[in-house]
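Peer 1: My structure file data37.pdb, PDB, C-alpha atoms and all ligand atoms, is below:
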```pdb
ATOM      1  CA  MET A   1     184.556  51.669 146.547
ATOM      2  CA  LYS A   2     185.883  53.935 143.824
ATOM      3  CA  SER A   3     186.778  57.362 145.167
ATOM      4  CA  GLY A   4     185.340  60.535 143.677
ATOM      5  CA  THR A   5     187.149  63.261 141.737
ATOM      6  CA  LEU A   6     188.386  66.556 143.084
ATOM      7  CA  TYR A   7     187.885  69.362 140.538
ATOM      8  CA  ILE A   8     189.863  72.595 140.924
ATOM      9  CA  VAL A   9     187.640  75.077 139.137
ATOM     10  CA  ALA A  10     188.734  78.549 138.017
ATOM     11  CA  THR A  11     186.047  81.251 138.174
ATOM     12  CA  PRO A  12     185.945  84.833 136.782
ATOM     13  CA  ILE A  13     188.096  87.628 138.243
ATOM     14  CA  GLY A  14     185.434  90.208 137.497
ATOM     15  CA  ASN A  15     183.597  89.653 134.239
ATOM     16  CA  LEU A  16     181.141  86.776 134.616
ATOM     17  CA  GLU A  17     181.384  86.000 130.894
ATOM     18  CA  ASP A  18     184.855  84.631 131.600
ATOM     19  CA  ILE A  19     183.603  81.380 133.132
ATOM     20  CA  THR A  20     184.050  78.366 130.846
ATOM     21  CA  PHE A  21     181.284  76.014 129.632
ATOM     22  CA  ARG A  22     183.194  73.190 131.264
ATOM     23  CA  ALA A  23     183.389  74.981 134.617
ATOM     24  CA  VAL A  24     179.625  75.556 134.599
ATOM     25  CA  ARG A  25     178.925  71.928 133.667
ATOM     26  CA  VAL A  26     181.250  70.540 136.358
ATOM     27  CA  LEU A  27     179.798  72.866 139.015
ATOM     28  CA  ARG A  28     176.303  71.690 138.035
ATOM     29  CA  GLU A  29     177.272  68.026 138.234
ATOM     30  CA  VAL A  30     179.392  67.662 141.390
ATOM     31  CA  ASP A  31     178.010  66.372 144.693
ATOM     32  CA  LEU A  32     179.576  69.177 146.694
ATOM     33  CA  ILE A  33     181.151  72.582 146.049
ATOM     34  CA  ALA A  34     183.797  73.803 148.506
ATOM     35  CA  ALA A  35     184.098  77.595 148.387
ATOM     36  CA  GLU A  36     186.407  80.054 150.102
ATOM     37  CA  ASP A  37     183.448  82.281 151.004
ATOM     38  CA  THR A  38     180.083  80.609 150.579
ATOM     39  CA  ARG A  39     178.116  83.889 150.650
ATOM     40  CA  HIS A  40     180.267  85.376 147.921
ATOM     41  CA  SER A  41     180.159  82.238 145.754
ATOM     42  CA  ARG A  42     176.423  81.774 146.137
ATOM     43  CA  LYS A  43     175.941  84.910 143.995
ATOM     44  CA  LEU A  44     178.138  83.488 141.218
ATOM     45  CA  LEU A  45     176.478  80.077 141.372
ATOM     46  CA  SER A  46     172.948  81.456 141.330
ATOM     47  CA  HIS A  47     173.851  83.630 138.324
ATOM     48  CA  PHE A  48     174.548  80.401 136.413
ATOM     49  CA  GLY A  49     171.570  78.527 137.893
ATOM     50  CA  ILE A  50     173.833  76.173 139.865
ATOM     51  CA  SER A  51     172.335  74.801 143.063
ATOM     52  CA  ARG A  52     174.611  72.141 144.478
ATOM     53  CA  PRO A  53     175.378  71.704 148.191
ATOM     54  CA  LEU A  54     177.958  74.271 149.283
ATOM     55  CA  THR A  55     180.498  74.131 152.090
ATOM     56  CA  SER A  56     183.304  76.438 153.151
ATOM     57  CA  TYR A  57     187.014  75.808 152.695
ATOM     58  CA  PHE A  58     189.271  78.704 153.660
ATOM     59  CA  ASP A  59     192.616  79.377 155.285
ATOM     60  CA  HIS A  60     191.445  79.060 158.887
ATOM     61  CA  ASN A  61     189.366  75.896 158.553
ATOM     62  CA  LYS A  62     191.424  74.129 155.903
ATOM     63  CA  GLU A  63     192.858  71.564 158.353
ATOM     64  CA  PHE A  64     189.617  70.004 159.540
ATOM     65  CA  LYS A  65     187.610  70.876 156.407
ATOM     66  CA  GLY A  66     190.311  69.280 154.298
ATOM     67  CA  SER A  67     189.907  65.981 156.170
ATOM     68  CA  TYR A  68     186.134  66.174 155.775
ATOM     69  CA  LEU A  69     186.438  66.746 152.022
ATOM     70  CA  LEU A  70     188.948  63.911 151.660
ATOM     71  CA  ASP A  71     186.547  61.583 153.525
ATOM     72  CA  ARG A  72     183.713  62.557 151.180
ATOM     73  CA  LEU A  73     185.969  61.999 148.168
ATOM     74  CA  ALA A  74     187.049  58.616 149.546
ATOM     75  CA  GLU A  75     183.369  57.647 149.857
ATOM     76  CA  GLY A  76     182.924  58.371 146.151
ATOM     77  CA  ALA A  77     181.565  61.936 146.187
ATOM     78  CA  SER A  78     182.770  64.378 143.550
ATOM     79  CA  VAL A  79     183.898  67.733 144.920
ATOM     80  CA  ALA A  80     184.641  71.055 143.179
ATOM     81  CA  LEU A  81     186.900  73.591 144.858
ATOM     82  CA  ILE A  82     186.407  77.262 143.957
ATOM     83  CA  SER A  83     187.880  80.444 145.416
ATOM     84  CA  ASP A  84     186.433  83.950 145.554
ATOM     85  CA  ALA A  85     187.876  84.731 142.131
ATOM     86  CA  GLY A  86     190.305  83.242 139.644
ATOM     87  CA  THR A  87     192.193  80.000 140.010
ATOM     88  CA  PRO A  88     192.154  78.223 143.380
ATOM     89  CA  CYS A  89     195.616  77.507 144.858
ATOM     90  CA  ILE A  90     197.083  80.654 143.239
ATOM     91  CA  SER A  91     197.450  82.994 146.242
ATOM     92  CA  ASP A  92     194.266  81.272 147.391
ATOM     93  CA  PRO A  93     193.519  78.185 149.503
ATOM     94  CA  GLY A  94     193.682  74.769 147.865
ATOM     95  CA  TYR A  95     197.269  73.602 147.620
ATOM     96  CA  GLN A  96     197.156  71.431 150.776
ATOM     97  CA  LEU A  97     193.888  69.843 149.670
ATOM     98  CA  VAL A  98     195.339  68.953 146.273
ATOM     99  CA  ARG A  99     198.539  67.659 147.877
ATOM    100  CA  ASP A 100     196.592  65.439 150.302
ATOM    101  CA  ALA A 101     194.179  64.236 147.617
ATOM    102  CA  VAL A 102     197.101  63.240 145.405
ATOM    103  CA  ALA A 103     198.696  61.393 148.352
ATOM    104  CA  ALA A 104     195.414  59.564 148.991
ATOM    105  CA  GLY A 105     195.226  58.411 145.361
ATOM    106  CA  ILE A 106     192.235  60.623 144.540
ATOM    107  CA  THR A 107     191.977  61.902 140.969
ATOM    108  CA  VAL A 108     192.468  65.670 140.744
ATOM    109  CA  VAL A 109     191.158  67.464 137.646
ATOM    110  CA  PRO A 110     191.934  71.175 137.157
ATOM    111  CA  ILE A 111     189.363  73.139 135.164
ATOM    112  CA  PRO A 112     191.369  76.054 133.747
ATOM    113  CA  GLY A 113     190.169  79.623 133.517
ATOM    114  CA  PRO A 114     191.137  83.135 134.550
ATOM    115  CA  SER A 115     193.974  84.060 136.847
ATOM    116  CA  ALA A 116     194.809  87.714 137.452
ATOM    117  CA  ALA A 117     198.567  87.129 137.107
ATOM    118  CA  ILE A 118     198.405  85.647 133.608
ATOM    119  CA  THR A 119     195.675  88.046 132.490
ATOM    120  CA  ALA A 120     197.856  90.984 133.556
ATOM    121  CA  LEU A 121     200.993  89.568 131.948
ATOM    122  CA  SER A 122     199.255  88.908 128.644
ATOM    123  CA  GLY A 123     198.129  92.545 128.372
ATOM    124  CA  SER A 124     201.233  94.139 129.880
ATOM    125  CA  GLY A 125     203.445  94.429 126.815
ATOM    126  CA  LEU A 126     206.388  93.197 128.894
ATOM    127  CA  PRO A 127     208.441  90.223 127.625
ATOM    128  CA  THR A 128     206.561  87.048 128.442
ATOM    129  CA  GLY A 129     209.273  84.428 127.834
ATOM    130  CA  ARG A 130     210.119  84.138 131.501
ATOM    131  CA  PHE A 131     208.358  85.332 134.611
ATOM    132  CA  THR A 132     208.385  84.876 138.362
ATOM    133  CA  PHE A 133     205.073  84.899 140.160
ATOM    134  CA  GLU A 134     205.617  86.276 143.653
ATOM    135  CA  GLY A 135     202.030  86.678 144.850
ATOM    136  CA  PHE A 136     201.760  89.071 147.810
ATOM    137  CA  LEU A 137     204.877  90.663 149.266
ATOM    138  CA  PRO A 138     205.141  90.754 153.073
ATOM    139  CA  ASN A 139     203.024  93.544 154.643
ATOM    140  CA  ARG A 140     205.807  94.859 156.842
ATOM    141  CA  GLN A 141     208.158  97.219 155.047
ATOM    142  CA  GLY A 142     211.369  95.668 156.398
ATOM    143  CA  LYS A 143     210.415  92.177 155.242
ATOM    144  CA  ARG A 144     209.125  93.525 151.937
ATOM    145  CA  ARG A 145     212.415  95.256 151.185
ATOM    146  CA  GLU A 146     214.336  92.145 152.173
ATOM    147  CA  ARG A 147     212.285  90.058 149.741
ATOM    148  CA  LEU A 148     212.740  92.620 146.967
ATOM    149  CA  ALA A 149     216.514  92.545 147.457
ATOM    150  CA  GLN A 150     216.390  88.755 146.945
ATOM    151  CA  LEU A 151     214.520  89.296 143.669
ATOM    152  CA  ARG A 152     216.951  91.834 142.186
ATOM    153  CA  ASP A 153     218.664  89.353 139.885
ATOM    154  CA  GLU A 154     215.620  87.330 138.806
ATOM    155  CA  PRO A 155     215.891  87.028 135.026
ATOM    156  CA  GLY A 156     212.207  87.394 134.046
ATOM    157  CA  VAL A 157     209.267  89.716 134.673
ATOM    158  CA  LEU A 158     208.250  89.865 138.343
ATOM    159  CA  ILE A 159     204.519  89.551 138.986
ATOM    160  CA  PHE A 160     203.030  90.672 142.303
ATOM    161  CA  TYR A 161     199.566  90.815 143.761
ATOM    162  CA  GLU A 162     199.231  93.940 145.868
ATOM    163  CA  SER A 163     196.630  95.604 148.012
ATOM    164  CA  PRO A 164     195.596  99.012 146.594
ATOM    165  CA  ASN A 165     196.475 100.612 149.955
ATOM    166  CA  ARG A 166     200.067  99.459 149.777
ATOM    167  CA  LEU A 167     200.581  99.998 146.032
ATOM    168  CA  VAL A 168     202.401 103.352 146.182
ATOM    169  CA  ALA A 169     204.649 102.267 149.061
ATOM    170  CA  ALA A 170     205.495  99.022 147.246
ATOM    171  CA  LEU A 171     206.306 100.905 144.010
ATOM    172  CA  ALA A 172     208.583 103.312 145.902
ATOM    173  CA  ASP A 173     210.450 100.435 147.594
ATOM    174  CA  MET A 174     210.800  98.677 144.254
ATOM    175  CA  ALA A 175     212.216 101.770 142.520
ATOM    176  CA  GLU A 176     214.775 102.075 145.271
ATOM    177  CA  ILE A 177     215.766  98.423 145.595
ATOM    178  CA  LEU A 178     215.317  97.067 142.065
ATOM    179  CA  GLY A 179     216.251 100.303 140.254
ATOM    180  CA  ASP A 180     213.815 102.454 138.291
ATOM    181  CA  ARG A 181     212.752  99.712 135.869
ATOM    182  CA  GLN A 182     209.817  99.543 133.484
ATOM    183  CA  ALA A 183     206.643  98.500 135.277
ATOM    184  CA  VAL A 184     202.953  97.968 134.627
ATOM    185  CA  VAL A 185     200.060  98.209 137.036
ATOM    186  CA  ALA A 186     197.047  96.245 135.796
ATOM    187  CA  ARG A 187     193.992  97.466 137.680
ATOM    188  CA  GLU A 188     190.445  96.112 137.759
ATOM    189  CA  LEU A 189     191.105  93.485 135.087
ATOM    190  CA  THR A 190     188.071  92.354 133.083
ATOM    191  CA  LYS A 191     185.909  94.969 134.882
ATOM    192  CA  ILE A 192     184.403  98.270 133.690
ATOM    193  CA  TYR A 193     187.321 100.407 134.887
ATOM    194  CA  GLU A 194     190.080  98.097 133.666
ATOM    195  CA  GLU A 195     193.303 100.019 133.084
ATOM    196  CA  PHE A 196     196.979  99.377 132.425
ATOM    197  CA  VAL A 197     199.358 102.039 133.718
ATOM    198  CA  ARG A 198     202.797 101.744 132.147
ATOM    199  CA  GLY A 199     206.079 103.545 132.756
ATOM    200  CA  THR A 200     209.084 103.400 135.033
ATOM    201  CA  LEU A 201     208.410 102.400 138.644
ATOM    202  CA  SER A 202     208.697 106.028 139.782
ATOM    203  CA  GLN A 203     206.419 107.285 136.965
ATOM    204  CA  VAL A 204     203.788 104.703 137.830
ATOM    205  CA  ALA A 205     204.086 105.553 141.553
ATOM    206  CA  GLU A 206     203.613 109.236 140.685
ATOM    207  CA  ARG A 207     200.441 108.423 138.742
ATOM    208  CA  PHE A 208     198.909 106.694 141.771
ATOM    209  CA  ARG A 209     200.247 109.041 144.462
ATOM    210  CA  GLU A 210     197.272 111.397 144.315
ATOM    211  CA  GLY A 211     194.059 110.101 145.856
ATOM    212  CA  LYS A 212     192.964 106.648 146.866
ATOM    213  CA  VAL A 213     193.822 103.684 144.645
ATOM    214  CA  ARG A 214     190.612 101.813 143.915
ATOM    215  CA  GLY A 215     189.977  98.205 143.041
ATOM    216  CA  GLU A 216     192.314  95.274 142.636
ATOM    217  CA  VAL A 217     195.789  95.477 141.190
ATOM    218  CA  VAL A 218     198.521  93.306 139.752
ATOM    219  CA  LEU A 219     201.980  94.821 139.600
ATOM    220  CA  LEU A 220     204.508  93.706 136.985
ATOM    221  CA  VAL A 221     208.168  94.718 136.887
ATOM    222  CA  ALA A 222     210.521  94.224 133.928
ATOM    223  CA  PRO A 223     213.773  92.348 134.539
ATOM    224  CA  ALA A 224     216.961  94.325 135.064
ATOM    225  CA  ALA A 225     218.650  92.970 131.936
ATOM    226  CA  GLU A 226     215.752  94.044 129.773
ATOM    227  CA  GLN A 227     215.676  97.735 130.554
ATOM    228  CA  GLY A 228     214.389  98.948 127.208
ATOM    229  CA  GLN A 229     216.011  96.522 124.800
ATOM    230  CA  PRO A 230     218.874  94.141 125.387
ATOM    231  CA  GLU A 231     221.948  95.418 123.655
ATOM    232  CA  ALA A 232     222.138  94.458 120.006
ATOM    233  CA  PRO A 233     225.610  92.906 120.387
ATOM    234  CA  ALA A 234     224.201  90.458 122.964
ATOM    235  CA  VAL A 235     221.541  89.351 120.476
ATOM    236  CA  SER A 236     224.054  89.202 117.626
ATOM    237  CA  SER A 237     226.537  87.134 119.558
ATOM    238  CA  LEU A 238     223.842  84.695 120.703
ATOM    239  CA  LEU A 239     222.734  84.304 117.088
ATOM    240  CA  ARG A 240     226.305  84.044 115.784
ATOM    241  CA  GLU A 241     227.084  81.290 118.281
ATOM    242  CA  LEU A 242     224.010  79.279 117.284
ATOM    243  CA  LEU A 243     224.262  79.792 113.519
ATOM    244  CA  ALA A 244     228.015  79.233 113.353
ATOM    245  CA  ALA A 245     227.538  75.805 114.984
ATOM    246  CA  GLY A 246     225.519  74.965 111.860
ATOM    247  CA  ASP A 247     223.197  72.384 113.436
ATOM    248  CA  ILE A 248     220.179  74.637 113.909
ATOM    249  CA  SER A 249     217.882  76.244 111.341
ATOM    250  CA  LEU A 250     217.581  80.023 111.092
ATOM    251  CA  LYS A 251     213.973  79.775 112.250
ATOM    252  CA  ASP A 252     214.843  77.753 115.350
ATOM    253  CA  ALA A 253     217.753  80.038 116.217
ATOM    254  CA  VAL A 254     215.436  83.060 115.985
ATOM    255  CA  LEU A 255     212.839  81.361 118.175
ATOM    256  CA  ARG A 256     215.389  80.435 120.793
ATOM    257  CA  VAL A 257     216.995  83.886 120.971
ATOM    258  CA  ALA A 258     213.610  85.655 120.989
ATOM    259  CA  LEU A 259     212.587  83.491 123.921
ATOM    260  CA  GLU A 260     215.831  84.072 125.749
ATOM    261  CA  THR A 261     215.933  87.842 125.282
ATOM    262  CA  GLY A 262     212.232  88.633 125.237
ATOM    263  CA  LEU A 263     212.725  90.634 122.006
ATOM    264  CA  PRO A 264     210.060  90.491 119.278
ATOM    265  CA  ARG A 265     210.660  87.632 116.841
ATOM    266  CA  GLY A 266     210.621  89.975 113.818
ATOM    267  CA  GLU A 267     213.422  92.031 115.294
ATOM    268  CA  VAL A 268     215.543  88.950 116.079
ATOM    269  CA  TYR A 269     214.822  87.609 112.592
ATOM    270  CA  ASP A 270     216.202  90.791 110.964
ATOM    271  CA  GLU A 271     219.335  90.553 113.089
ATOM    272  CA  ALA A 272     219.644  86.828 112.260
ATOM    273  CA  LEU A 273     219.651  87.653 108.520
ATOM    274  CA  ARG A 274     222.465  90.157 109.064
ATOM    275  CA  VAL A 275     224.459  87.662 111.157
ATOM    276  CA  LYS A 276     223.926  84.904 108.583
ATOM    277  CA  ALA A 277     225.100  87.151 105.748
ATOM    278  CA  ALA A 278     228.157  88.172 107.767
ATOM    279  CA  LEU A 279     229.003  84.518 108.492
ATOM    280  CA  LYS A 280     228.844  83.745 104.748
ATOM    281  CA  ASP A 281     231.305  86.552 104.057
ATOM    282  CA  VAL A 282     233.869  85.138 106.480
TER     283      VAL A 282
HETATM  284  N1  LIG B   1     193.393  83.108 142.790
HETATM  285  C1  LIG B   1     193.343  84.424 142.199
HETATM  286  C2  LIG B   1     193.895  84.363 140.769
HETATM  287  O1  LIG B   1     193.987  83.278 140.211
HETATM  288  O2  LIG B   1     194.193  85.407 140.219
HETATM  289  C3  LIG B   1     194.071  85.439 143.049
HETATM  290  C4  LIG B   1     193.520  85.596 144.418
HETATM  291  S1  LIG B   1     194.362  86.755 145.410
HETATM  292  C5  LIG B   1     193.664  86.438 146.974
HETATM  293  C6  LIG B   1     193.602  88.263 145.010
HETATM  294  C7  LIG B   1     194.556  89.239 144.307
HETATM  295  O3  LIG B   1     194.590  88.959 142.919
HETATM  296  C8  LIG B   1     194.106  90.695 144.404
HETATM  297  O4  LIG B   1     194.543  91.307 145.601
HETATM  298  C9  LIG B   1     194.776  91.313 143.194
HETATM  299  O5  LIG B   1     196.142  91.564 143.439
HETATM  300  C10 LIG B   1     194.667  90.148 142.186
HETATM  301  N2  LIG B   1     193.410  90.284 141.403
HETATM  302  C11 LIG B   1     192.323  89.495 141.459
HETATM  303  N3  LIG B   1     191.384  89.912 140.590
HETATM  304  C12 LIG B   1     191.890  91.009 139.979
HETATM  305  C13 LIG B   1     191.404  91.902 138.971
HETATM  306  N4  LIG B   1     190.194  91.759 138.442
HETATM  307  N5  LIG B   1     192.217  92.898 138.558
HETATM  308  C14 LIG B   1     193.443  93.063 139.086
HETATM  309  N6  LIG B   1     193.950  92.253 140.041
HETATM  310  C15 LIG B   1     193.188  91.243 140.483
END
```
Here is a file; write its structure as structure tokens.
Peer 2:
Amino acid sequence: MKSGTLYIVATPIGNLEDITFRAVRVLREVDLIAAEDTRHSRKLLSHFGISRPLTSYFDHNKEFKGSYLLDRLAEGASVALISDAGTPCISDPGYQLVRDAVAAGITVVPIPGPSAAITALSGSGLPTGRFTFEGFLPNRQGKRRERLAQLRDEPGVLIFYESPNRLVAALADMAEILGDRQAVVARELTKIYEEFVRGTLSQVAERFREGKVRGEVVLLVAPAAEQGQPEAPAVSSLLRELLAAGDISLKDAVLRVALETGLPRGEVYDEALRVKAALKDV
């Protein structure tokens, strides 16, 4: 018998308009939907007129529920996995199910859609060329600080999910351990009170210190090397090295250096023109 397909379906992180046509169609067509919290997901499904059989799949039942779902898939049933919000498997249950499905030769089809990390990064204004997604830091302060120390030299933007209750404490630890870098808190993404708070870690902490932090937050921290702008000489010497070699076009050199430094392409392009002119004069 041909086995069924496991669909990993992303759902909105707030605004219901963010579901895709494909996600709705797949959720309408599958034999079974596995949801992290069936009560929560029932509201989403009924909003879109989806009434397929629903079962739970969450952290504490994933062992035995995973085997059940794999059996159903092996019998030919199609199954969609959804989480409470966003993309399953991203700081949400699902990875083990996908791993085991792949091992069992079952086709896995991801249906892309929102994820808070990427949504926050895209609106942050921080360089997007490289980033490290860290998910949730450990709850205990000692462990959290230990993890932060390990992240000090990461070259890209650091992206964290954080509970609103721990936000100020996490920002204070970050300022101390990572240095007072540029940071962005993206709060309540796609919802009515969406806001981006930008500044240094200590400025952002100050902004949230008064009163209770409400809603959901993603915390982004700029890399150490990109405090403000990388130094012009670093950009110039990267460009000089590439252009002097002579086997790369100006456009490609600009693209590569912009990606490496996180600087805007226009700015790198201007510098590339200067470097090229200087090379001609030599
Ligand atoms: N799988 C989800 C995804 O793809 O984004 C993440 C699930 S994780 C359990 C939940 C965390 O994601 C929240 O604590 C918060 O840090 C972040 N998050 C989810 N929705 C958000 C939103 N609308 N605005 C800001 N952060 C959000």
Peer 1: Using all atoms listed in the file, find each residue with an atom at most 9 Å away from ligand LIG 1 (chain B) and format the answer as a count of residues only.
Peer 2: 45
Peer 1: State, in Å with one decimal place, the distance from atom CA of A:Ala149 to atom CA of A:Tyr95.
Peer 2: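 Calculated distance between atom CA of A:Ala149 and atom CA of A:Tyr95 is 27.0 Å.
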Peer 1: Please write the residues picked by the PyMOL selection byres (((chain A and resi 48-59) around 10) and not hetatm) on this file as a PyMOL selection string.
Peer 2: chain A and resi 16+19+24-39+41-47+60-66+69+79-83+92-94+97
Peer 1: How would you write, as a list of chain:residue names, the residues chosen by the PyMOL selection byres (((chain A and resi 178) around 8) and not hetatm) on this structure?
Peer 2: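 That selection, the PyMOL selection byres (((chain A and resi 178) around 8) and not hetatm), comes back as A:Leu148, A:Ala149, A:Leu151, A:Arg152, A:Met174, A:Ala175, A:Glu176, A:Ile177, A:Gly179, A:Asp180, A:Arg181, A:Ala224.
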Peer 1: What's around stretch 243-254 of chain A at 8 Å? Count all atoms listed in the file, leave out sequence neighbours fewer than 4 positions away in its own chain, and write the answer as a CSV table (one decimal) with C-alpha atoms, keeping the file's coordinate frame.
Peer 2:
```csv
chain,number,residue,atom,x,y,z
A,239,LEU,CA,222.7,84.3,117.1
A,258,ALA,CA,213.6,85.7,121.0
A,265,ARG,CA,210.7,87.6,116.8
A,268,VAL,CA,215.5,89.0,116.1
A,269,TYR,CA,214.8,87.6,112.6
A,272,ALA,CA,219.6,86.8,112.3
A,276,LYS,CA,223.9,84.9,108.6
A,279,LEU,CA,229.0,84.5,108.5
```
Peer 1: Find the distance between atom CA of A:Lys212 and atom CA of A:His40 and write it in Å to one decimal.
Peer 2: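 Taking atom CA of A:Lys212 as the start and atom CA of A:His40 as the end point, the length is 24.8 Å.
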Peer 1: Residues near A:Arg130, anyone? I mean within 10 Å using all atoms listed in the file, not counting same-chain ones fewer than 5 positions away, as a ChimeraX atom specification.
Peer 2: /A:154-158,223,259-262
Peer 1: Taking all atoms of stretch 90-109 of chain A that the file lists, what box with edges along x, y and z, padded by 6 Å per side, do you get, with centre and edge lengths in Å to one decimal, as JSON?
Peer 2:
```
{"center_x": 194.9, "center_y": 70.7, "center_z": 144.2, "size_x": 19.5, "size_y": 36.6, "size_z": 25.1}
```
Peer 1: May I ask which of the residues A:Ala205, A:Val275, A:Met1, A:Val257 is the closest one to A:Ala77, counting all atoms listed in the file?
Peer 2: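 Residue with the minimum atom-to-atom distance to A:Ala77: A:Met1.
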Peer 1: If I take atom CA of A:Leu73 and atom CA of A:Ile111, how far is one from the other in Å, to one decimal?
Peer 2: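 Straight-line distance from atom CA of A:Leu73 to atom CA of A:Ile111 works out to 17.5 Å.
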Peer 1: Starting from the shown file, work through the PyMOL selection byres (((chain A and resi 74) around 8) and not hetatm) and note down what comes out as a list in words.
Peer 2: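 Listing what the PyMOL selection byres (((chain A and resi 74) around 8) and not hetatm) selects in the shown file: Met1, Lys2, Ser3, Gly4, Leu70, Asp71, Arg72, Leu73, Glu75, Gly76, Ala77 and Ile106 of chain A.
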Peer 1: A:Arg209: which residues within 10 Å, counting only C-alpha atoms, same-chain residues fewer than 3 positions away excluded, as a PyMOL selection string?
Peer 2: chain A and resi 167-169+203-206+212-213
